[in-house]
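Trainee: Attaching a single structure in structure tokens format; questions to follow.
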Amino acid sequence: MSSDFVSILVAARWGSVGLMVIVLVMMTYILCLRAVLLMRERRYAKLSARWTPILLEGGARNPKPLPAVAPGERLLLLILWNTLRERNEPDAGICHWMGRVAAVTKIDRLARRLLSRRSVRQKLLGLVTLGQLRDRLEWPRLCQLAQSGHPLLSLAATQAIARIHLNWPAAKVAGILEDIGPERVSEPLARALLQAPESHRPGLIPFLAVCNYSTALPTVRQMLHEPHADEVIASCLHVIGKFGDRQDLPLLYRYLTHSRWHVRAVAAGCVGKMGRRADQEKLAPLLADREWWVRYRAAQAIVGLSPRDDQRLRDIQSTLSDRYARDILTQAIAEGARPGQSGTDLSPTGRMRIGAGR
Amino acid sequence: MMSFFLAAQWFFLLYFLALNAVYAMLIFRALGGVARYMQSRDVAGLPHLLGGFAPPVTIVVPARNEEANILRTLHSLQQHYPEYEIVVVNDGSTDRTLEVLTAAYSLQPFPEAYRARLKTRPVRAVYQSTVDARLRVIDKEQGGRGDAVNAGVNIAHYPWVCRVDADSVLQRDSLMLIVEPLLEDPTVVACGGTIRVANGCKSQDGLFVEADLPKGPLVLFQVIEYLRAFLYGRMGWSPMNAHLIISGAFGIYHKETFVAAGGYRSDTVGEDMELVVRLHRTLSAQRKSYRITFVPEPICWSTVPDDLGTLRRQRMRWQVGLAESLAMNRGLMFHRQGSFAGWFAYPFTVFFEWLGPVVETCGYLFVIIGFALGIVSLSVFITFMLLAAGFGILLSTCALLLEEISFRLYKRPRHILVLFAIAVLENFGYRQLNTLWRMAAVFQHLHRRARARLARRKRECPA
């Protein structure tokens, strides 16, 4: 046996002893972690039993005085507060009361202090709390965190800002715009849309649905007369379909032969919604489209234009030479015949999705 | 003779060091990944962050002879999720699977415009439930699980397709959790979920309720294996966009990418791994920006074998599946655009996962024979055994540590002590048994390939 190998053997022997020591240390560490966790859980359970009824008594007329909070318990109370606040979001009475409790127990101050801690987890907890409290005192710090390189912190900070300032998630923006009313919203929105960069337009156009007819339609018509990205065109067509003015039918016909399938699918859906029986002829070629969704939308549109007229639909079907075209029409007729299953709760391109993902 | 033994000693030592160095690297990557995930979970757990942005999903359930499980599975698919549909594919069942479904969901034949974008065995009929508008059932001739999923994808309406095996147990929020990576990164084309052992756990109406440890040691060994495989195996590879498998039990795919890649192959027993390796190979060759990712949170529970015979067959099938997946996608290895998957994960899998059982068995034989012949001293023998067991225990303990700092599914302190004991005991018999099965599978696979090659040559030159 060479001396090299003997020295390696000695090292390996010590290495194996070292391994065993590391394993024992790790096992002890795991047990300690579990013990700490159990202690923490017990403390949290006690705190939760004491504070949950208090935090949820938002509707009570004469709330009892709040118990004192030991400094060591404040972080746990903050976690409980957030959990209950999230769960009771729809109850304005409870939320208002919880805001008052946060001020009295000073957990709002703790949340602000958490923003300057090193732990990302604690910063996140602080951000979520401040968002829930609509707390503006740390506004500059929130803006700073929103621009931080850390994706989670910037996301949570943006979320907090959105909650404090205006609810940014698109569905909620639409709700706010509707609350404000089309008279006040229409003009500024149309102006913003026409001045917005192309990449922002698909996100903004759906909001035209909450605008005045007289503002929204000229805006999208104007946009459709200019060259735009396919996403912009599809969004404009959605708005046209929403208002359903038959004057726009010739405009829609143009898009039935567009090169991108999702534009054809939206156009077919709109023609089905706004058109006349005669438009079935214009839609029939799309039944043989190479894209399933276009065929499906065209078939739904054709069925929609001749409701309860199976004979006419069979006649159209008998003129079709393409097997896929016949099959898709059969499917749409069957769907139309099913009670409560018009097949119109559509996904790709069938429904205006405000702020939807990919 | 001595020089041969000396050379062999060096080979085994270097192989052992290289293997454990990679495992150590994976553990470090996994530690970072788990820590980041747990931080994000604090915020993402709050529903407002995801609300309204979840993409519509088609859940495809391949089912063959699942009359006993299928209703429980469908119940577990009643997810807290905004928009999804379910396609059950009855893959030529010879039991009453279709009748059970028809009775429970009032299925009616439906003239679905079936377009075979992916070639499958013939479809006999498509049914639509009249009580649950989201449910459709395809009845087709038997073609295997991959073929069944392909048929489901052919009629999927939505842009994301989630495969769930009929014997999987889910949580109410499993679907919501598996789509999170797609929302955070638009380049994600596929995402796998963490699978845990369902044996011994409490479930109600097909939905997971509470984790508990199973009784038998055989299943307990598998609990530790699953912890290792998912917590640092896949969690370690995932940040490098290099993990090579999404379990067939629960995974989600971007439909168009799935179809463009050709869907699952039906000529391999490891169709789930083969597809992921193929996606890496084709997407990287096309220079596409893509990610295949993984959710560390336990979101799917699967029943594992509780007898040696079934376990042996499963492990041999996995090993053959692995070999086939690698062989069918050789082009990924050291491909210029192969990134980490091609330059690191693929070679690692070839040398340590595929060939590993052979080398490990040779190592054991070498030490035992050498010891018997007096060439290997007692001290070398003991050191070798201690090192092999020590690293095994260390890796399992690392997985337990990762579990403790993250999900802590096994709540009772007794559970931790049992898992410690299992982490030690599995190194004395169970691990070696597994290695032997896997080695047998390697030779079986090579033998089959050689026979197939011979048969092909005979066909080509009959004279």
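If you're wondering about the labels, chains in the structure tokens are A, B, ... by order shown, residues count from 1 in each chain, ligands from 1 in order shown.
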List as CSV every residue of chain A that is in contact with chain B, defined as an atom at most 6 Å from one of its atoms (using only C-alpha atoms), together with the nearest atom pair and the distance in Å rounded to one decimal, sorted by chain and then rising number.
Mentor:
residue,atom,partner,partner_atom,distance
A:Arg13,CA,B:Thr383,CA,5.4
A:Ser16,CA,B:Leu387,CA,5.0
A:Leu19,CA,B:Gly390,CA,5.9
A:Val23,CA,B:Leu394,CA,5.6
A:Arg121,CA,B:Gln39,CA,5.5
A:Asp327,CA,B:Ala113,CA,4.9
A:Ile328,CA,B:Ala113,CA,4.9
A:Gln331,CA,B:Pro111,CA,5.2
A:Ala356,CA,B:Phe53,CA,5.3
A:Gly357,CA,B:Phe53,CA,5.5
Trainee: DSSP on the backbone, strand (DSSP E) only: what residues of segment 8-252 of chain B does that give? Format it as a PyMOL selection string.
Mentor: chain B and resi 57-63+84-91+107-109+123-129+135-140+160-164+168-170+188-197+202-204+207-210+250-252
Trainee: Quick one: write out the picked residues with C-alpha atoms as a tab-separated table (two decimals), in the first residue's frame?
Mentor:
chain	number	residue	atom	x	y	z
B	57	VAL	CA	-56.12	25.20	-16.56
B	58	THR	CA	-57.22	21.87	-18.03
B	59	ILE	CA	-56.65	19.00	-15.59
B	60	VAL	CA	-56.04	15.70	-17.39
B	61	VAL	CA	-56.50	12.47	-15.42
B	62	PRO	CA	-55.38	9.26	-17.15
B	63	ALA	CA	-57.32	6.34	-15.69
B	84	TYR	CA	-60.44	25.02	-14.74
B	85	GLU	CA	-61.89	22.00	-16.51
B	86	ILE	CA	-61.29	18.30	-15.95
B	87	VAL	CA	-60.71	15.72	-18.67
B	88	VAL	CA	-60.68	12.10	-17.48
B	89	VAL	CA	-59.20	9.69	-20.03
B	90	ASN	CA	-60.45	6.13	-19.67
B	91	ASP	CA	-57.50	4.27	-21.13
B	107	LEU	CA	-72.23	11.32	-18.58
B	108	GLN	CA	-73.76	11.77	-22.02
B	109	PRO	CA	-72.03	11.11	-25.37
B	123	VAL	CA	-60.73	7.44	-29.30
B	124	ARG	CA	-64.06	5.62	-28.99
B	125	ALA	CA	-66.19	8.44	-27.62
B	126	VAL	CA	-66.18	11.72	-25.73
B	127	TYR	CA	-68.66	12.23	-22.91
B	128	GLN	CA	-69.82	15.39	-21.19
B	129	SER	CA	-71.13	15.41	-17.64
B	135	LEU	CA	-66.04	17.51	-16.59
B	136	ARG	CA	-65.50	15.63	-19.86
B	137	VAL	CA	-64.48	12.00	-20.26
B	138	ILE	CA	-62.63	10.45	-23.19
B	139	ASP	CA	-63.05	6.73	-23.74
B	140	LYS	CA	-60.18	5.31	-25.78
B	160	TRP	CA	-52.14	25.14	-19.39
B	161	VAL	CA	-52.52	21.41	-18.92
B	162	CYS	CA	-52.11	19.79	-15.53
B	163	ARG	CA	-51.57	16.04	-15.35
B	164	VAL	CA	-52.84	14.30	-12.22
B	168	SER	CA	-52.87	10.97	-6.29
B	169	VAL	CA	-54.28	12.80	-3.29
B	170	LEU	CA	-54.31	16.60	-3.50
B	188	VAL	CA	-41.90	28.89	-17.42
B	189	VAL	CA	-43.13	26.10	-19.71
B	190	ALA	CA	-43.54	23.32	-17.17
B	191	CYS	CA	-43.69	22.99	-13.43
B	192	GLY	CA	-43.65	19.98	-11.14
B	193	GLY	CA	-45.06	19.59	-7.68
B	194	THR	CA	-43.53	17.97	-4.64
B	195	ILE	CA	-44.87	14.50	-4.05
B	196	ARG	CA	-44.98	12.99	-0.59
B	197	VAL	CA	-45.90	9.57	0.71
B	202	LYS	CA	-55.21	11.13	6.97
B	203	SER	CA	-57.39	12.06	4.03
B	204	GLN	CA	-61.07	12.73	3.66
B	207	LEU	CA	-58.38	15.38	0.00
B	208	PHE	CA	-55.32	15.42	2.19
B	209	VAL	CA	-56.05	16.28	5.84
B	210	GLU	CA	-53.01	15.57	8.01
B	250	PHE	CA	-48.75	15.96	-10.58
B	251	GLY	CA	-47.27	18.45	-13.05
B	252	ILE	CA	-48.36	21.34	-15.23
Trainee: Tell me which protein, DNA and RNA residues are within 12 Å of Phe28 of chain B, counting only C-alpha atoms, leaving out same-chain ones fewer than 2 positions away, and put them as a list in words.
Mentor: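 Listed by chain and then number, they are Ala21, Val22, Tyr23, Ala24, Met25, Leu26, Ala30, Leu31, Gly32, Gly33, Val34, Ala35, Leu231, Tyr232, Gly233, Met235, Gly236, Trp237, Pro239, Leu395, Cys398, Ala399 and Leu402 of chain B.
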Trainee: What does the file look like for those residues with C-alpha atoms, as an mmCIF file, in the first residue's frame?
Mentor:
data_model
loop_
_atom_site.group_PDB
_atom_site.id
_atom_site.type_symbol
_atom_site.label_atom_id
_atom_site.label_comp_id
_atom_site.auth_asym_id
_atom_site.auth_seq_id
_atom_site.Cartn_x
_atom_site.Cartn_y
_atom_site.Cartn_z
ATOM 1 C CA ALA B 21 -19.413 16.838 -3.810
ATOM 2 C CA VAL B 22 -22.353 17.190 -6.204
ATOM 3 C CA TYR B 23 -24.792 16.245 -3.436
ATOM 4 C CA ALA B 24 -23.206 18.840 -1.140
ATOM 5 C CA MET B 25 -23.618 21.465 -3.879
ATOM 6 C CA LEU B 26 -27.257 20.462 -4.365
ATOM 7 C CA ALA B 30 -31.586 23.729 -1.968
ATOM 8 C CA LEU B 31 -30.990 25.540 1.338
ATOM 9 C CA GLY B 32 -30.990 28.889 -0.465
ATOM 10 C CA GLY B 33 -33.982 27.885 -2.583
ATOM 11 C CA VAL B 34 -36.033 26.718 0.390
ATOM 12 C CA ALA B 35 -35.207 29.860 2.368
ATOM 13 C CA LEU B 231 -36.182 18.631 -0.938
ATOM 14 C CA TYR B 232 -32.653 18.741 -2.196
ATOM 15 C CA GLY B 233 -32.684 16.651 -5.352
ATOM 16 C CA MET B 235 -34.853 21.823 -5.207
ATOM 17 C CA GLY B 236 -31.115 21.778 -5.847
ATOM 18 C CA TRP B 237 -31.385 21.416 -9.617
ATOM 19 C CA PRO B 239 -32.531 27.124 -9.544
ATOM 20 C CA LEU B 395 -27.673 13.244 3.247
ATOM 21 C CA CYS B 398 -29.781 17.244 5.601
ATOM 22 C CA ALA B 399 -33.166 16.435 4.025
ATOM 23 C CA LEU B 402 -34.528 21.177 5.169
#
Trainee: One decimal, in Å: what's the spacing between atom CA of Gln247 of chain A and atom CA of Ala332 of chain A?
Mentor: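 Calculated distance between atom CA of Gln247 of chain A and atom CA of Ala332 of chain A is 27.1 Å.
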Trainee: From a DSSP calculation on the backbone, collect every residue of segment 297-460 of chain B in alpha helix (DSSP H) and output the set as a ChimeraX atom specification.
Mentor: /B:308-328,339-340,346-348,356-373,378-405,413-425,430-460
Trainee: Hey, can you check how far atom CA of Trp343 of chain B sits from atom CA of Glu256 of chain B?
Mentor: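 Distance between the two atoms: 26.6 Å.
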Trainee: From the set A:Ala216, A:Cys95, A:Val36, A:Ala284, which residue has the shortest atom-to-atom contact distance to Ser321 of chain A, counting only C-alpha atoms?
Mentor: A:Ala284
Trainee: Under the rule that only C-alpha atoms are counted, which of B:Arg96, B:Arg29, B:Arg134, B:Lys255 is the nearest residue to Arg117 of chain B?
Mentor: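 Closest to Arg117 of chain B of all the choices is B:Lys255.
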Trainee: Can you tell me which residues surround Met328 of chain B at a distance of at most 9 Å, considering only C-alpha atoms, apart from same-chain residues fewer than 6 positions away, and format the answer as number ranges by chain?
Mentor: B: 274, 277-278
Trainee: Can you write just those residues out, N, CA and C atoms, as a PDB file, in the first residue's frame?
Mentor:
ATOM      1  N   GLU B 274     -38.836  11.387 -19.698  1.00  0.00           N
ATOM      2  CA  GLU B 274     -38.406  11.513 -21.099  1.00  0.00           C
ATOM      3  C   GLU B 274     -38.867  12.848 -21.677  1.00  0.00           C
ATOM      4  N   VAL B 277     -36.720  15.754 -20.297  1.00  0.00           N
ATOM      5  CA  VAL B 277     -35.381  15.771 -20.906  1.00  0.00           C
ATOM      6  C   VAL B 277     -35.495  16.249 -22.363  1.00  0.00           C
ATOM      7  N   ARG B 278     -36.569  15.802 -23.052  1.00  0.00           N
ATOM      8  CA  ARG B 278     -36.757  16.219 -24.454  1.00  0.00           C
ATOM      9  C   ARG B 278     -37.023  17.724 -24.543  1.00  0.00           C
TER      10      ARG B 278
END
Trainee: Which distance in Å separates atom CA of Leu47 of chain A and atom CA of Tyr37 of chain B, to one decimal?
Mentor: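 For atom CA of Leu47 of chain A relative to atom CA of Tyr37 of chain B, the distance reads 27.4 Å.
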Trainee: Quick one: residues within 10 Å of Pro182 of chain A, only C-alpha atoms counted, chain neighbours fewer than 5 positions away excluded, as a PDB file with all heavy atoms, in the first residue's frame?
Mentor:
ATOM      1  N   LEU A 177     -63.081  52.733 -11.427  1.00  0.00           N
ATOM      2  CA  LEU A 177     -63.502  53.575 -12.559  1.00  0.00           C
ATOM      3  C   LEU A 177     -65.022  53.566 -12.687  1.00  0.00           C
ATOM      4  O   LEU A 177     -65.644  54.601 -12.938  1.00  0.00           O
ATOM      5  CB  LEU A 177     -62.858  53.082 -13.859  1.00  0.00           C
ATOM      6  CG  LEU A 177     -61.330  53.224 -13.948  1.00  0.00           C
ATOM      7  CD1 LEU A 177     -60.826  52.634 -15.248  1.00  0.00           C
ATOM      8  CD2 LEU A 177     -60.905  54.680 -13.817  1.00  0.00           C
ATOM      9  N   GLU A 187     -63.187  60.827 -20.775  1.00  0.00           N
ATOM     10  CA  GLU A 187     -62.271  61.701 -21.514  1.00  0.00           C
ATOM     11  C   GLU A 187     -60.809  61.476 -21.118  1.00  0.00           C
ATOM     12  O   GLU A 187     -59.953  61.234 -21.981  1.00  0.00           O
ATOM     13  CB  GLU A 187     -62.657  63.179 -21.296  1.00  0.00           C
ATOM     14  CG  GLU A 187     -63.869  63.621 -22.109  1.00  0.00           C
ATOM     15  CD  GLU A 187     -63.671  63.456 -23.611  1.00  0.00           C
ATOM     16  OE1 GLU A 187     -62.532  63.624 -24.112  1.00  0.00           O
ATOM     17  OE2 GLU A 187     -64.681  63.128 -24.277  1.00  0.00           O
ATOM     18  N   LEU A 189     -59.391  59.008 -19.733  1.00  0.00           N
ATOM     19  CA  LEU A 189     -58.912  57.664 -20.069  1.00  0.00           C
ATOM     20  C   LEU A 189     -58.627  57.552 -21.559  1.00  0.00           C
ATOM     21  O   LEU A 189     -57.587  57.013 -21.975  1.00  0.00           O
ATOM     22  CB  LEU A 189     -59.938  56.612 -19.635  1.00  0.00           C
ATOM     23  CG  LEU A 189     -59.475  55.166 -19.754  1.00  0.00           C
ATOM     24  CD1 LEU A 189     -58.249  54.897 -18.886  1.00  0.00           C
ATOM     25  CD2 LEU A 189     -60.585  54.201 -19.351  1.00  0.00           C
ATOM     26  N   LEU A 208     -61.810  50.855 -21.308  1.00  0.00           N
ATOM     27  CA  LEU A 208     -62.769  51.649 -22.088  1.00  0.00           C
ATOM     28  C   LEU A 208     -64.186  51.096 -21.937  1.00  0.00           C
ATOM     29  O   LEU A 208     -65.162  51.795 -22.171  1.00  0.00           O
ATOM     30  CB  LEU A 208     -62.391  51.639 -23.572  1.00  0.00           C
ATOM     31  CG  LEU A 208     -61.228  52.534 -23.986  1.00  0.00           C
ATOM     32  CD1 LEU A 208     -60.910  52.318 -25.448  1.00  0.00           C
ATOM     33  CD2 LEU A 208     -61.552  54.004 -23.722  1.00  0.00           C
ATOM     34  N   ALA A 209     -64.270  49.822 -21.565  1.00  0.00           N
ATOM     35  CA  ALA A 209     -65.591  49.218 -21.398  1.00  0.00           C
ATOM     36  C   ALA A 209     -66.410  49.940 -20.331  1.00  0.00           C
ATOM     37  O   ALA A 209     -67.638  49.859 -20.346  1.00  0.00           O
ATOM     38  CB  ALA A 209     -65.441  47.740 -21.037  1.00  0.00           C
ATOM     39  N   VAL A 210     -65.719  50.627 -19.403  1.00  0.00           N
ATOM     40  CA  VAL A 210     -66.486  51.350 -18.382  1.00  0.00           C
ATOM     41  C   VAL A 210     -66.716  52.808 -18.799  1.00  0.00           C
ATOM     42  O   VAL A 210     -67.261  53.588 -18.039  1.00  0.00           O
ATOM     43  CB  VAL A 210     -65.803  51.299 -16.986  1.00  0.00           C
ATOM     44  CG1 VAL A 210     -65.681  49.880 -16.492  1.00  0.00           C
ATOM     45  CG2 VAL A 210     -64.447  51.985 -17.009  1.00  0.00           C
ATOM     46  N   CYS A 211     -66.293  53.155 -20.017  1.00  0.00           N
ATOM     47  CA  CYS A 211     -66.448  54.550 -20.475  1.00  0.00           C
ATOM     48  C   CYS A 211     -67.794  54.741 -21.181  1.00  0.00           C
ATOM     49  O   CYS A 211     -68.505  53.797 -21.465  1.00  0.00           O
ATOM     50  CB  CYS A 211     -65.348  54.905 -21.466  1.00  0.00           C
ATOM     51  SG  CYS A 211     -63.750  55.022 -20.716  1.00  0.00           S
ATOM     52  N   ASN A 212     -68.053  56.020 -21.516  1.00  0.00           N
ATOM     53  CA  ASN A 212     -69.212  56.360 -22.332  1.00  0.00           C
ATOM     54  C   ASN A 212     -69.083  55.731 -23.701  1.00  0.00           C
ATOM     55  O   ASN A 212     -68.002  55.706 -24.288  1.00  0.00           O
ATOM     56  CB  ASN A 212     -69.232  57.886 -22.580  1.00  0.00           C
ATOM     57  CG  ASN A 212     -69.930  58.595 -21.475  1.00  0.00           C
ATOM     58  OD1 ASN A 212     -70.774  57.997 -20.818  1.00  0.00           O
ATOM     59  ND2 ASN A 212     -69.575  59.848 -21.263  1.00  0.00           N
ATOM     60  N   TYR A 213     -70.241  55.324 -24.223  1.00  0.00           N
ATOM     61  CA  TYR A 213     -70.323  54.827 -25.589  1.00  0.00           C
ATOM     62  C   TYR A 213     -69.737  55.845 -26.567  1.00  0.00           C
ATOM     63  O   TYR A 213     -68.955  55.521 -27.449  1.00  0.00           O
ATOM     64  CB  TYR A 213     -71.811  54.574 -25.828  1.00  0.00           C
ATOM     65  CG  TYR A 213     -72.268  54.365 -27.226  1.00  0.00           C
ATOM     66  CD1 TYR A 213     -72.378  53.070 -27.718  1.00  0.00           C
ATOM     67  CD2 TYR A 213     -72.644  55.431 -28.036  1.00  0.00           C
ATOM     68  CE1 TYR A 213     -72.842  52.850 -29.008  1.00  0.00           C
ATOM     69  CE2 TYR A 213     -73.098  55.222 -29.318  1.00  0.00           C
ATOM     70  CZ  TYR A 213     -73.196  53.925 -29.802  1.00  0.00           C
ATOM     71  OH  TYR A 213     -73.632  53.709 -31.060  1.00  0.00           O
ATOM     72  N   THR A 215     -67.533  58.056 -26.194  1.00  0.00           N
ATOM     73  CA  THR A 215     -66.079  58.281 -26.128  1.00  0.00           C
ATOM     74  C   THR A 215     -65.318  57.021 -26.510  1.00  0.00           C
ATOM     75  O   THR A 215     -64.340  57.081 -27.262  1.00  0.00           O
ATOM     76  CB  THR A 215     -65.661  58.676 -24.685  1.00  0.00           C
ATOM     77  OG1 THR A 215     -66.542  59.668 -24.220  1.00  0.00           O
ATOM     78  CG2 THR A 215     -64.231  59.133 -24.633  1.00  0.00           C
ATOM     79  N   ALA A 216     -65.796  55.896 -25.975  1.00  0.00           N
ATOM     80  CA  ALA A 216     -65.034  54.658 -26.158  1.00  0.00           C
ATOM     81  C   ALA A 216     -64.988  54.241 -27.621  1.00  0.00           C
ATOM     82  O   ALA A 216     -63.904  53.934 -28.153  1.00  0.00           O
ATOM     83  CB  ALA A 216     -65.647  53.545 -25.312  1.00  0.00           C
TER      84      ALA A 216
END
Trainee: Report as a ChimeraX atom specification all protein, DNA and RNA residues lying within 12 Å of Glu281 of chain A, evaluated on only C-alpha atoms, omitting residues in the same chain fewer than 4 positions from it.
Mentor: /A:253,256,268,271-272,275-277,285-287,298-299,301-302,305,312-313,315-317,319-320
Trainee: Which residues, written as an mmCIF file with N, CA and C atoms, in the first residue's frame, have at least one atom at most 9 Å from Phe12 of chain B, with only C-alpha atoms counted and residues fewer than 2 positions away on the same chain left out?
Mentor:
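Output saved as part.cif:
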data_model
loop_
_atom_site.group_PDB
_atom_site.id
_atom_site.type_symbol
_atom_site.label_atom_id
_atom_site.label_comp_id
_atom_site.auth_asym_id
_atom_site.auth_seq_id
_atom_site.Cartn_x
_atom_site.Cartn_y
_atom_site.Cartn_z
ATOM 1 N N ALA B 7 -5.444 0.697 -8.219
ATOM 2 C CA ALA B 7 -6.120 1.569 -9.198
ATOM 3 C C ALA B 7 -7.623 1.603 -8.921
ATOM 4 N N ALA B 8 -8.175 0.431 -8.615
ATOM 5 C CA ALA B 8 -9.612 0.357 -8.342
ATOM 6 C C ALA B 8 -9.963 1.172 -7.094
ATOM 7 N N GLN B 9 -9.081 1.070 -6.065
ATOM 8 C CA GLN B 9 -9.325 1.850 -4.843
ATOM 9 C C GLN B 9 -9.414 3.334 -5.159
ATOM 10 N N TRP B 10 -8.465 3.812 -5.988
ATOM 11 C CA TRP B 10 -8.459 5.227 -6.353
ATOM 12 C C TRP B 10 -9.726 5.585 -7.138
ATOM 13 N N LEU B 14 -12.409 8.336 -5.839
ATOM 14 C CA LEU B 14 -12.688 9.562 -6.601
ATOM 15 C C LEU B 14 -14.164 9.633 -7.000
ATOM 16 N N TYR B 15 -14.710 8.494 -7.382
ATOM 17 C CA TYR B 15 -16.128 8.450 -7.755
ATOM 18 C C TYR B 15 -16.986 8.878 -6.563
ATOM 19 N N PHE B 16 -16.651 8.314 -5.410
ATOM 20 C CA PHE B 16 -17.373 8.596 -4.175
ATOM 21 C C PHE B 16 -17.281 10.088 -3.808
ATOM 22 N N LEU B 17 -16.065 10.628 -3.947
ATOM 23 C CA LEU B 17 -15.887 12.056 -3.621
ATOM 24 C C LEU B 17 -16.664 12.944 -4.583
ATOM 25 N N VAL B 359 -21.581 0.891 -10.275
ATOM 26 C CA VAL B 359 -20.323 1.255 -9.606
ATOM 27 C C VAL B 359 -20.415 0.951 -8.119
ATOM 28 N N GLU B 360 -21.592 1.295 -7.520
ATOM 29 C CA GLU B 360 -21.743 1.090 -6.083
ATOM 30 C C GLU B 360 -21.635 -0.402 -5.742
ATOM 31 N N CYS B 362 -20.163 -2.730 -7.527
ATOM 32 C CA CYS B 362 -18.775 -3.158 -7.724
ATOM 33 C C CYS B 362 -17.910 -2.737 -6.534
ATOM 34 N N GLY B 363 -18.194 -1.528 -6.025
ATOM 35 C CA GLY B 363 -17.436 -1.029 -4.868
ATOM 36 C C GLY B 363 -17.584 -1.954 -3.675
#
